[in-house]
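Engineer: Can you keep this structure in mind? I'll have questions shortly.
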Amino acid sequence: MPSHILIEACCASPEDVLTAALGGADRIELNTALTLGGLTPSLGNLIACRRAVSLPILSMIRPREGGFCYSTTLFSAMQQDAELLTGAGSDGIVFGFLTESGEIDRMRTLDLVRAVPGCQTVFHRAFDLVRDWRKSLETLMELGVTRVLTSGQAPTAVEGIPRLREMIRFAGTDLEILPAGGIRPENVVQIVEETGCTQVHLSGSTPRFDPSWPEHTTLWFSSADAPDGGAWREADLDIFRQMRQNLQQFDTEE
């Protein structure tokens, strides 16, 4: 059987999912509002994406932008989202809970893992804010989390290569480490070679512009510091094809 570096595509729509699949992606992380770092997708969005591809789809469970310490009512909504999305065909969930002191919230993490038995569970880049990454990885191993999405606590995965390499060695086979953050076709080979990772995460997107948006309007439909301007980001087929092509050198026959 062929073995290759797994590509996880961060997507926000059925169009994104189809493009990523055509470009060689192996797994989907489904979000909405990618410019906010990714929020929980709608049930309808997941259902449309599930119909579009047979790839594994993991759904983001994040009810708002900002940090990762949530109220009791928001946490209850997150539990409901996790159950509804996995019940509708999501293969897993992506989430992150921190305490007020910035450590892994053990109880809420465990509660969400238990809410989706048999599904993949991913602790997202909230992990990059923890103070003691070794202790935090041990905590996630104990709680039965499947993998961690991380840039190695650096602004980008390239900058985080030394720590990513340490994390992968530290976690061994007990917890998957999924590098993320600024990964592109031109740097993915370096990241794989220098960290020893077996999977990578990227959006592989480019800006798109809605023709219904007037060119010179003074109206905005989002906050002043993040104007929409009729633009959004969409998966780029060429980026994913180039990513897969660049990773072919690591393919082996088993």
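Just remember, in the structure tokens the first chain shown is A, the second B, etc., residues are 1-based per chain, and ligands are 1-based in the order shown.
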So which residues touch segment 94-98 of chain A within 8 Å, counting only C-alpha atoms, skipping near sequence neighbours fewer than 6 positions away, as a list in words?

Structural biologist: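 Everything that qualifies: Glu29, Leu58, Ser59, Met60, Ile61, Arg62, Phe68, Cys69, Tyr70, Ile104, Asp105, Arg108, Thr109, Thr121, Val122, Phe123, His124, Arg125, Ala126 and Phe127 of chain A.
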
Engineer: Among segment 50-179 of chain A, which residues carry a DSSP assignment of alpha helix (DSSP H), reported as a ChimeraX atom specification?

Structural biologist: /A:50-52,72-87,106-115,133-143,161-171

Engineer: Report as a ChimeraX atom specification all protein, DNA and RNA residues lying within 12 Å of Gly181 of chain A, evaluated on only C-alpha atoms, omitting residues in the same chain fewer than 3 positions from it.

Structural biologist: /A:10,37,124-125,128,149-161,164,178,184,187-188,191,200-204

Engineer: Mind dumping a table of every segment 113-232 of chain A residue within 10 Å of segment 76-85 of chain A, with the nearest atom pair and its distance in Å to one decimal, using only C-alpha atoms, sorted by chain and rising number, as CSV?

Structural biologist:
```
residue,atom,partner,partner_atom,distance
A:Val113,CA,A:Ala82,CA,9.5
A:Arg114,CA,A:Gln79,CA,9.9
A:Ala115,CA,A:Glu83,CA,6.5
A:Val116,CA,A:Glu83,CA,6.4
A:Pro117,CA,A:Glu83,CA,9.7
```

Engineer: Show me, as a short mmCIF file (atom, residue, chain, number, x, y, z; two decimals) with N, CA and C atoms, in the first residue's frame, the residues that have an atom within 10 Å of Glu166 of chain A when counting only C-alpha atoms, minus same-chain residues fewer than 6 positions from it.

Structural biologist:
```
data_model
loop_
_atom_site.label_atom_id
_atom_site.label_comp_id
_atom_site.auth_asym_id
_atom_site.auth_seq_id
_atom_site.Cartn_x
_atom_site.Cartn_y
_atom_site.Cartn_z
N ARG A 134 5.08 20.25 27.41
CA ARG A 134 5.25 18.84 27.75
C ARG A 134 4.14 18.37 28.70
N GLY A 152 4.06 24.67 16.89
CA GLY A 152 5.24 24.60 17.75
C GLY A 152 5.38 25.85 18.59
N THR A 195 11.17 18.10 10.85
CA THR A 195 10.39 17.73 12.04
C THR A 195 10.13 16.24 12.12
N GLY A 196 10.11 15.56 10.97
CA GLY A 196 9.74 14.16 10.95
C GLY A 196 8.24 13.94 11.01
#
```
